[in-house]
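Engineer: I'm passing along model-v9.txt; it holds compact mmCIF, C-alpha atoms.
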```txt
# COMPACT_ATOMS: atom_id res chain seq x y z
CA MET A 1 -75.55 60.45 18.92
CA VAL A 2 -72.35 58.42 18.90
CA SER A 3 -68.93 59.91 18.27
CA VAL A 4 -66.03 57.80 16.99
CA THR A 5 -62.43 59.00 17.21
CA ARG A 6 -59.24 57.18 16.23
CA ALA A 7 -55.69 57.58 17.53
CA VAL A 8 -52.41 55.67 17.60
CA PHE A 9 -52.20 53.32 20.61
CA GLY A 10 -48.68 52.01 20.01
CA ASP A 11 -46.30 50.33 17.59
CA LEU A 12 -45.72 46.59 17.43
CA PRO A 13 -42.10 45.44 17.82
CA LEU A 14 -39.90 44.84 14.75
CA GLY A 15 -41.97 47.15 12.57
CA ALA A 16 -44.90 44.70 12.56
CA GLY A 17 -47.44 47.50 12.37
CA THR A 18 -49.22 50.28 14.24
CA VAL A 19 -52.02 49.54 16.69
CA GLU A 20 -54.84 52.08 16.65
CA LYS A 21 -57.36 52.93 19.36
CA PHE A 22 -60.98 53.74 18.56
CA GLN A 23 -63.02 55.61 21.12
CA LEU A 24 -66.79 55.22 20.88
CA GLN A 25 -68.84 57.62 22.96
CA SER A 26 -72.59 57.92 23.55
CA ASP A 27 -74.43 59.92 26.19
CA GLN A 28 -74.14 56.91 28.53
CA LEU A 29 -71.00 54.96 27.61
CA ARG A 30 -67.44 55.44 26.50
CA VAL A 31 -65.59 52.48 25.04
CA ASP A 32 -61.98 52.20 23.86
CA ILE A 33 -61.14 49.37 21.44
CA ILE A 34 -57.76 48.67 19.84
CA SER A 35 -57.00 46.95 16.55
CA TRP A 36 -54.73 44.41 18.29
CA GLY A 37 -57.06 41.48 18.99
CA CYS A 38 -60.17 43.74 18.66
CA THR A 39 -59.51 44.37 22.35
CA ILE A 40 -61.75 46.46 24.60
CA THR A 41 -59.23 48.40 26.69
CA ALA A 42 -61.64 50.67 28.61
CA LEU A 43 -65.37 50.93 29.19
CA GLU A 44 -66.61 53.88 31.21
CA VAL A 45 -70.05 53.65 32.80
CA LYS A 46 -71.78 56.09 35.13
CA ASP A 47 -72.95 55.11 38.61
CA ARG A 48 -76.19 56.29 40.21
CA GLN A 49 -74.51 59.60 41.14
CA GLY A 50 -73.51 60.13 37.51
CA ARG A 51 -69.82 59.41 38.20
CA ALA A 52 -68.10 57.45 35.44
CA SER A 53 -65.71 54.57 36.18
CA ASP A 54 -63.85 52.19 33.91
CA VAL A 55 -65.39 48.75 34.51
CA VAL A 56 -63.05 46.48 32.50
CA LEU A 57 -59.65 45.09 33.49
CA GLY A 58 -56.70 45.82 31.21
CA PHE A 59 -53.55 47.84 30.65
CA ASP A 60 -52.65 51.48 30.04
CA GLU A 61 -50.21 50.72 27.24
CA LEU A 62 -49.76 48.31 24.34
CA GLU A 63 -46.85 46.53 26.08
CA GLY A 64 -49.30 45.20 28.65
CA TYR A 65 -51.35 43.47 25.98
CA LEU A 66 -48.29 42.00 24.25
CA GLN A 67 -47.07 40.20 27.38
CA LYS A 68 -48.45 36.86 28.58
CA GLN A 69 -51.84 37.82 29.99
CA PRO A 70 -55.29 36.23 30.31
CA TYR A 71 -57.01 37.59 27.17
CA PHE A 72 -58.12 40.85 28.82
CA GLY A 73 -60.83 42.40 26.61
CA ALA A 74 -59.86 40.46 23.47
CA VAL A 75 -61.78 38.62 20.79
CA VAL A 76 -60.77 34.96 20.94
CA GLY A 77 -60.90 32.45 18.06
CA ARG A 78 -60.88 30.66 15.65
CA VAL A 79 -62.47 28.53 18.40
CA ALA A 80 -63.05 30.04 21.82
CA ASN A 81 -62.73 27.85 24.92
CA ARG A 82 -61.18 24.38 25.11
CA ILE A 83 -60.81 21.57 22.60
CA ALA A 84 -59.89 18.28 24.27
CA LYS A 85 -56.31 17.17 23.56
CA GLY A 86 -56.20 19.77 20.75
CA THR A 87 -57.57 17.32 18.20
CA PHE A 88 -60.74 16.75 16.22
CA THR A 89 -61.73 14.70 13.17
CA LEU A 90 -63.56 16.13 10.19
CA ASP A 91 -64.61 14.09 7.15
CA GLY A 92 -62.28 11.30 8.27
CA LYS A 93 -59.23 13.56 8.62
CA GLU A 94 -57.65 14.24 12.01
CA TYR A 95 -56.60 17.81 12.75
CA LYS A 96 -53.99 18.59 15.40
CA LEU A 97 -54.08 22.02 17.01
CA ALA A 98 -51.58 23.87 19.16
CA ILE A 99 -51.67 22.62 22.77
CA ASN A 100 -51.54 25.65 25.06
CA ASN A 101 -53.62 24.86 28.16
CA GLY A 102 -52.51 21.71 29.97
CA PRO A 103 -53.28 18.90 27.50
CA ASN A 104 -55.82 20.99 25.56
CA SER A 105 -56.08 23.75 22.98
CA LEU A 106 -57.58 26.97 24.37
CA HIS A 107 -58.95 30.09 22.63
CA GLY A 108 -57.58 29.36 19.17
CA GLY A 109 -54.08 28.20 20.12
CA VAL A 110 -50.69 29.80 20.70
CA LYS A 111 -51.38 32.74 18.38
CA GLY A 112 -55.15 33.10 18.30
CA PHE A 113 -57.29 35.96 17.05
CA ASP A 114 -56.38 37.92 20.21
CA LYS A 115 -52.72 38.12 19.14
CA VAL A 116 -53.06 39.56 15.62
CA LEU A 117 -53.50 43.01 14.11
CA TRP A 118 -56.94 43.50 12.56
CA THR A 119 -57.91 45.92 9.79
CA PRO A 120 -60.26 48.65 11.04
CA ARG A 121 -63.05 50.52 9.29
CA VAL A 122 -64.80 53.41 11.03
CA LEU A 123 -68.60 53.37 11.03
CA SER A 124 -71.01 56.17 11.98
CA ASN A 125 -71.72 54.57 15.37
CA GLY A 126 -68.77 52.21 15.87
CA VAL A 127 -65.94 50.33 14.25
CA GLU A 128 -65.62 47.15 12.17
CA PHE A 129 -62.48 45.00 12.31
CA SER A 130 -61.69 42.36 9.70
CA ARG A 131 -59.01 39.80 8.96
CA VAL A 132 -58.38 36.66 6.93
CA SER A 133 -57.26 33.65 8.96
CA PRO A 134 -55.16 31.62 6.50
CA ASP A 135 -55.72 27.92 5.80
CA GLY A 136 -53.85 25.92 8.46
CA GLU A 137 -53.52 28.79 10.95
CA GLU A 138 -52.93 27.17 14.37
CA GLY A 139 -53.86 23.85 12.71
CA TYR A 140 -57.40 24.79 11.60
CA PRO A 141 -58.66 23.81 8.13
CA GLY A 142 -59.50 26.33 5.42
CA GLU A 143 -59.25 30.06 5.05
CA LEU A 144 -61.65 32.03 7.27
CA LYS A 145 -62.74 35.60 6.59
CA VAL A 146 -63.82 37.30 9.82
CA TRP A 147 -65.56 40.57 10.68
CA VAL A 148 -66.09 41.85 14.22
CA THR A 149 -68.21 44.98 14.63
CA TYR A 150 -68.59 47.08 17.78
CA THR A 151 -71.38 49.65 17.84
CA LEU A 152 -72.86 51.85 20.56
CA ASP A 153 -76.55 52.46 21.03
CA GLY A 154 -77.22 54.60 24.12
CA GLY A 155 -76.30 52.36 27.07
CA GLN A 156 -75.69 49.32 24.88
CA LEU A 157 -72.46 48.00 23.43
CA VAL A 158 -73.36 45.66 20.56
CA VAL A 159 -70.80 43.13 19.28
CA ASN A 160 -71.46 41.31 16.01
CA TYR A 161 -69.30 38.46 14.69
CA ARG A 162 -69.42 37.23 11.09
CA ALA A 163 -67.30 34.64 9.31
CA GLN A 164 -67.10 32.79 5.99
CA ALA A 165 -65.02 29.67 5.39
CA SER A 166 -63.35 28.23 2.28
CA GLN A 167 -63.68 24.71 3.74
CA THR A 168 -65.54 23.19 6.67
CA THR A 169 -64.08 24.34 9.99
CA PRO A 170 -65.18 24.80 13.58
CA VAL A 171 -65.79 28.47 14.47
CA ASN A 172 -66.65 29.92 17.87
CA LEU A 173 -65.99 33.62 18.51
CA THR A 174 -66.43 35.59 21.73
CA ASN A 175 -65.11 38.57 23.65
CA HIS A 176 -63.06 37.89 26.79
CA SER A 177 -63.61 41.14 28.72
CA TYR A 178 -63.21 40.96 32.50
CA PHE A 179 -65.70 43.22 34.26
CA ASN A 180 -65.80 44.74 37.73
CA LEU A 181 -68.84 46.97 38.11
CA ALA A 182 -67.34 48.67 41.18
CA GLY A 183 -64.60 49.89 38.82
CA GLN A 184 -61.49 48.09 37.58
CA GLY A 185 -58.87 47.86 40.32
CA SER A 186 -61.50 47.10 42.97
CA PRO A 187 -60.23 44.12 44.99
CA ASN A 188 -62.98 41.58 44.23
CA ILE A 189 -66.44 40.92 42.80
CA TYR A 190 -67.96 39.34 45.93
CA ASP A 191 -70.51 42.15 46.30
CA HIS A 192 -71.85 41.61 42.77
CA GLU A 193 -75.30 40.07 42.44
CA VAL A 194 -75.45 37.60 39.55
CA THR A 195 -78.33 36.07 37.58
CA ILE A 196 -77.87 33.63 34.69
CA GLU A 197 -80.94 32.50 32.76
CA ALA A 198 -79.93 28.84 32.36
CA ASP A 199 -81.62 25.61 33.44
CA ALA A 200 -78.55 23.51 32.65
CA PHE A 201 -74.77 23.69 32.75
CA LEU A 202 -71.86 21.54 31.57
CA PRO A 203 -69.92 19.70 34.29
CA VAL A 204 -66.19 19.47 33.53
CA ASP A 205 -63.34 17.09 34.24
CA GLU A 206 -60.09 17.98 36.02
CA VAL A 207 -58.69 19.75 32.93
CA LEU A 208 -61.95 21.73 32.43
CA ILE A 209 -63.25 19.75 29.43
CA PRO A 210 -67.02 19.08 29.52
CA THR A 211 -67.75 15.47 30.52
CA GLY A 212 -70.56 15.34 27.95
CA GLU A 213 -73.31 15.48 30.56
CA ILE A 214 -75.85 18.31 30.29
CA ALA A 215 -76.73 18.73 33.97
CA SER A 216 -79.67 20.47 35.58
CA VAL A 217 -78.71 23.46 37.74
CA GLN A 218 -81.52 22.62 40.20
CA GLY A 219 -80.23 22.32 43.77
CA THR A 220 -76.60 23.06 42.80
CA ALA A 221 -74.21 26.00 43.06
CA PHE A 222 -74.96 26.56 39.35
CA ASP A 223 -78.56 27.55 39.93
CA LEU A 224 -78.26 31.28 39.25
CA ARG A 225 -81.77 31.72 37.87
CA LYS A 226 -82.55 33.94 40.86
CA PRO A 227 -80.02 36.62 41.87
CA VAL A 228 -77.21 35.52 44.20
CA GLU A 229 -74.56 37.63 45.90
CA LEU A 230 -71.39 36.11 44.56
CA GLY A 231 -69.16 36.07 47.65
CA LYS A 232 -71.79 34.55 49.94
CA HIS A 233 -72.81 32.08 47.24
CA LEU A 234 -69.24 30.81 46.71
CA GLN A 235 -68.85 30.38 50.49
CA GLU A 236 -72.18 28.66 50.94
CA PHE A 237 -71.45 26.07 48.25
CA HIS A 238 -67.69 25.81 49.01
CA VAL A 239 -66.71 26.48 45.40
CA ASN A 240 -63.48 28.11 44.30
CA GLY A 241 -65.26 30.09 41.58
CA PHE A 242 -66.94 29.50 38.25
CA ASP A 243 -65.38 28.55 34.92
CA HIS A 244 -68.32 26.78 33.33
CA ASN A 245 -70.58 26.89 30.32
CA PHE A 246 -74.21 27.63 31.08
CA CYS A 247 -76.65 26.27 28.49
CA LEU A 248 -79.05 28.86 27.12
CA LYS A 249 -82.35 28.15 25.40
CA GLY A 250 -81.56 26.96 21.90
CA SER A 251 -82.55 29.36 19.14
CA LYS A 252 -80.77 31.88 16.97
CA GLU A 253 -82.96 34.70 18.31
CA LYS A 254 -81.77 37.43 20.68
CA ARG A 255 -82.45 36.32 24.25
CA PHE A 256 -81.70 37.37 27.79
CA CYS A 257 -78.60 35.64 29.11
CA ALA A 258 -77.36 37.23 32.34
CA ARG A 259 -77.67 40.19 34.68
CA VAL A 260 -75.08 41.49 37.13
CA HIS A 261 -75.94 44.22 39.65
CA HIS A 262 -73.46 46.07 41.85
CA ALA A 263 -75.52 47.53 44.71
CA GLY A 264 -72.78 49.89 45.91
CA SER A 265 -72.63 51.87 42.67
CA GLY A 266 -76.03 50.96 41.27
CA ARG A 267 -74.45 49.76 38.02
CA VAL A 268 -76.23 46.97 36.15
CA LEU A 269 -74.94 44.91 33.24
CA GLU A 270 -77.42 42.83 31.26
CA VAL A 271 -76.22 40.49 28.54
CA TYR A 272 -78.35 39.36 25.60
CA THR A 273 -77.12 37.02 22.88
CA THR A 274 -77.95 34.81 19.89
CA GLN A 275 -75.41 32.23 21.12
CA PRO A 276 -76.37 28.86 22.70
CA GLY A 277 -74.10 29.22 25.73
CA VAL A 278 -72.23 31.53 28.06
CA GLN A 279 -69.01 30.77 29.91
CA PHE A 280 -69.25 32.39 33.34
CA TYR A 281 -65.71 32.85 34.63
CA THR A 282 -64.86 34.51 37.93
CA GLY A 283 -61.16 35.23 37.37
CA ASN A 284 -60.01 32.18 39.33
CA PHE A 285 -56.57 32.21 37.70
CA LEU A 286 -55.85 35.91 38.34
CA ASP A 287 -53.10 36.13 40.95
CA GLY A 288 -52.20 39.81 41.38
CA THR A 289 -48.89 39.58 39.52
CA LEU A 290 -49.96 41.62 36.48
CA LYS A 291 -49.88 45.40 36.85
CA GLY A 292 -53.02 46.78 35.29
CA LYS A 293 -54.39 50.24 34.57
CA SER A 294 -53.15 52.96 36.95
CA GLY A 295 -50.95 50.32 38.61
CA ALA A 296 -53.89 48.17 39.77
CA GLY A 297 -53.08 44.62 40.83
CA TYR A 298 -55.65 42.09 39.67
CA PRO A 299 -55.97 39.38 42.34
CA LYS A 300 -58.12 36.25 42.14
CA HIS A 301 -61.84 37.03 41.72
CA SER A 302 -61.24 40.71 40.87
CA GLY A 303 -63.16 40.45 37.59
CA PHE A 304 -65.77 38.28 35.89
CA CYS A 305 -66.32 37.24 32.27
CA LEU A 306 -69.58 36.41 30.52
CA GLU A 307 -68.27 34.84 27.32
CA THR A 308 -71.24 34.20 25.04
CA GLN A 309 -70.30 31.24 22.88
CA SER A 310 -70.95 27.81 21.46
CA TRP A 311 -70.37 25.06 23.98
CA PRO A 312 -66.76 24.05 24.79
CA ASP A 313 -65.30 21.04 22.94
CA ALA A 314 -68.46 20.89 20.79
CA VAL A 315 -66.39 19.75 17.80
CA ASN A 316 -65.78 16.48 19.70
CA GLN A 317 -69.24 16.16 21.30
CA PRO A 318 -71.86 15.42 18.64
CA HIS A 319 -74.84 15.99 20.97
CA PHE A 320 -73.75 19.60 21.65
CA PRO A 321 -75.05 22.40 19.37
CA PRO A 322 -72.99 22.27 16.15
CA VAL A 323 -69.93 24.50 15.65
CA LEU A 324 -69.00 23.60 12.09
CA LEU A 325 -69.15 26.31 9.43
CA LYS A 326 -69.38 25.07 5.85
CA PRO A 327 -68.42 26.90 2.65
CA GLY A 328 -71.30 29.03 1.38
CA GLU A 329 -72.72 29.51 4.90
CA GLU A 330 -72.20 32.51 7.14
CA TYR A 331 -71.43 32.48 10.83
CA ASP A 332 -73.36 35.42 12.29
CA HIS A 333 -73.81 36.01 16.02
CA THR A 334 -74.49 39.08 18.13
CA THR A 335 -74.11 39.87 21.82
CA TRP A 336 -75.54 42.95 23.54
CA PHE A 337 -73.98 44.40 26.73
CA LYS A 338 -76.59 46.74 28.18
CA PHE A 339 -75.57 49.07 31.01
CA SER A 340 -77.93 50.93 33.34
CA VAL A 341 -78.28 51.94 36.98
CA ALA A 342 -80.73 50.62 39.57
```
Could I get this file's structure written as structure tokens?
Structural biologist:
Amino acid sequence: MVSVTRAVFGDLPLGAGTVEKFQLQSDQLRVDIISWGCTITALEVKDRQGRASDVVLGFDELEGYLQKQPYFGAVVGRVANRIAKGTFTLDGKEYKLAINNGPNSLHGGVKGFDKVLWTPRVLSNGVEFSRVSPDGEEGYPGELKVWVTYTLDGGQLVVNYRAQASQTTPVNLTNHSYFNLAGQGSPNIYDHEVTIEADAFLPVDEVLIPTGEIASVQGTAFDLRKPVELGKHLQEFHVNGFDHNFCLKGSKEKRFCARVHHAGSGRVLEVYTTQPGVQFYTGNFLDGTLKGKSGAGYPKHSGFCLETQSWPDAVNQPHFPPVLLKPGEEYDHTTWFKFSVA
């Protein structure tokens, strides 16, 4: 059984609307999601002793989410990740997007899908959010109708993304939750054991745009096909952290993507997806200045993201899996976050 309750989370400034919170609860999980950015604000998971802890980074109040912050828990779009120089050409026409990450456009632009109020609809086992992204929003072509659905199934949180376009446009939707399986507010993720089922990754240039090479993980720091303890692994390979797309086996079927195990608590997160890639990000840009839930500071490497997605800058890299959605087609992807103890 899943219960769904709704409550007011806060009011947007200048009478711009009321943000609601939806609490989904099963026998194993409790998830809070708000209608601002379809944001996961809390996710409570039991450890091997049966004690529940909140394993996602975020804020206690709406004000936290309205300030400049690194997409905690939010759905990002119209195109997640980076587009080089914020430009792409479609049918001979050049489109210029908002530049908001060095020389590039990141996560949909200055006011992406994470910074808008969505329309909620309560389901028996979850909640569906919808919105219409108008033609030209943040520079993207065509109107885009979008639906994001969160449902609970025992220990699984299932996220489905659907979209329909009035004209051809790139679309790439993901959720940007930062996890710490020891419990949010824990100082780092070095004791997490990580596995990513990928034979290849995308090397990036100095502004984090893929070079175009699809590189084998063999013999590199990116070989996570067998479990590695994150802290030791980063030290051994002298890397500052991960912020890279891992290339998953190409098919639209549900497949295993990643597993993270926290030995101390016994908590395990497994991710399955229909997407062709996953951005593994280790919170390299967190710096402890934001005050999170219960006053927690979030320093570098205090959370990780597994952003299932199409590959970054794919709209400019023809040999990457396609990201264009045409009128009459439907974008439809699902990601499963499965929690257990070991």
Engineer: Just to confirm, what's the straight-line distance from CA of Leu144 (chain A) to CA of Lys115 (chain A) in Å (one decimal)?
Structural biologist: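 According to the coordinates, CA of Leu144 (chain A) and CA of Lys115 (chain A) are separated by 16.1 Å.
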Engineer: Let me make sure I understand: among A:Arg51, A:His233, A:His301, A:Lys68, which one has the smallest atom-to-atom distance to Gly266 (chain A) if we use only C-alpha atoms?
Structural biologist: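 Closest residue, counting only C-alpha atoms: A:Arg51.
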Engineer: Please report, as AutoDock Vina command-line options, the centre and edge lengths in Å to one decimal of an axis-aligned box covering all listed atoms of region 110-127 of chain A with 6 Å per side.
Structural biologist:
```
--center_x -61.2 --center_y 43.0 --center_z 15.0 --size_x 33.0 --size_y 38.4 --size_z 23.4
```
Engineer: For the contact check between region 186-273 of chain A and region 315-338 of chain A, emit one row per residue of region 186-273 of chain A within 12 Å, containing the shortest atom pair and the distance in Å rounded to one decimal, counting only C-alpha atoms, chain then rising number order, as JSON lines.
Structural biologist:
```
{"residue": "A:Phe201", "atom": "CA", "partner": "A:Phe320", "partner_atom": "CA", "distance": 11.9}
{"residue": "A:Leu202", "atom": "CA", "partner": "A:Phe320", "partner_atom": "CA", "distance": 10.3}
{"residue": "A:Ile209", "atom": "CA", "partner": "A:Asn316", "partner_atom": "CA", "distance": 10.6}
{"residue": "A:Pro210", "atom": "CA", "partner": "A:Gln317", "partner_atom": "CA", "distance": 9.0}
{"residue": "A:Thr211", "atom": "CA", "partner": "A:Gln317", "partner_atom": "CA", "distance": 9.4}
{"residue": "A:Gly212", "atom": "CA", "partner": "A:Gln317", "partner_atom": "CA", "distance": 6.8}
{"residue": "A:Glu213", "atom": "CA", "partner": "A:His319", "partner_atom": "CA", "distance": 9.7}
{"residue": "A:Ile214", "atom": "CA", "partner": "A:Phe320", "partner_atom": "CA", "distance": 9.0}
{"residue": "A:Asn245", "atom": "CA", "partner": "A:Phe320", "partner_atom": "CA", "distance": 11.8}
{"residue": "A:Cys247", "atom": "CA", "partner": "A:Phe320", "partner_atom": "CA", "distance": 10.0}
{"residue": "A:Leu248", "atom": "CA", "partner": "A:Pro321", "partner_atom": "CA", "distance": 10.9}
{"residue": "A:Lys249", "atom": "CA", "partner": "A:Pro321", "partner_atom": "CA", "distance": 11.1}
{"residue": "A:Gly250", "atom": "CA", "partner": "A:Pro321", "partner_atom": "CA", "distance": 8.3}
{"residue": "A:Ser251", "atom": "CA", "partner": "A:Pro321", "partner_atom": "CA", "distance": 10.2}
{"residue": "A:Lys252", "atom": "CA", "partner": "A:His333", "partner_atom": "CA", "distance": 8.1}
{"residue": "A:Glu253", "atom": "CA", "partner": "A:His333", "partner_atom": "CA", "distance": 9.5}
{"residue": "A:Lys254", "atom": "CA", "partner": "A:Thr334", "partner_atom": "CA", "distance": 7.9}
{"residue": "A:Arg255", "atom": "CA", "partner": "A:Thr335", "partner_atom": "CA", "distance": 9.4}
{"residue": "A:Phe256", "atom": "CA", "partner": "A:Trp336", "partner_atom": "CA", "distance": 9.3}
{"residue": "A:Cys257", "atom": "CA", "partner": "A:Thr335", "partner_atom": "CA", "distance": 9.5}
{"residue": "A:Ala258", "atom": "CA", "partner": "A:Phe337", "partner_atom": "CA", "distance": 9.7}
{"residue": "A:Arg259", "atom": "CA", "partner": "A:Lys338", "partner_atom": "CA", "distance": 9.3}
{"residue": "A:Val260", "atom": "CA", "partner": "A:Lys338", "partner_atom": "CA", "distance": 10.5}
{"residue": "A:His261", "atom": "CA", "partner": "A:Lys338", "partner_atom": "CA", "distance": 11.8}
{"residue": "A:Arg267", "atom": "CA", "partner": "A:Lys338", "partner_atom": "CA", "distance": 10.5}
{"residue": "A:Val268", "atom": "CA", "partner": "A:Lys338", "partner_atom": "CA", "distance": 8.0}
{"residue": "A:Leu269", "atom": "CA", "partner": "A:Lys338", "partner_atom": "CA", "distance": 5.6}
{"residue": "A:Glu270", "atom": "CA", "partner": "A:Lys338", "partner_atom": "CA", "distance": 5.0}
{"residue": "A:Val271", "atom": "CA", "partner": "A:Phe337", "partner_atom": "CA", "distance": 4.9}
{"residue": "A:Tyr272", "atom": "CA", "partner": "A:Trp336", "partner_atom": "CA", "distance": 5.0}
{"residue": "A:Thr273", "atom": "CA", "partner": "A:Thr335", "partner_atom": "CA", "distance": 4.3}
```
Engineer: Mind pulling up the distance from CA of Asp243 (chain A) to CA of Asn100 (chain A)?
Structural biologist: 17.2 Å
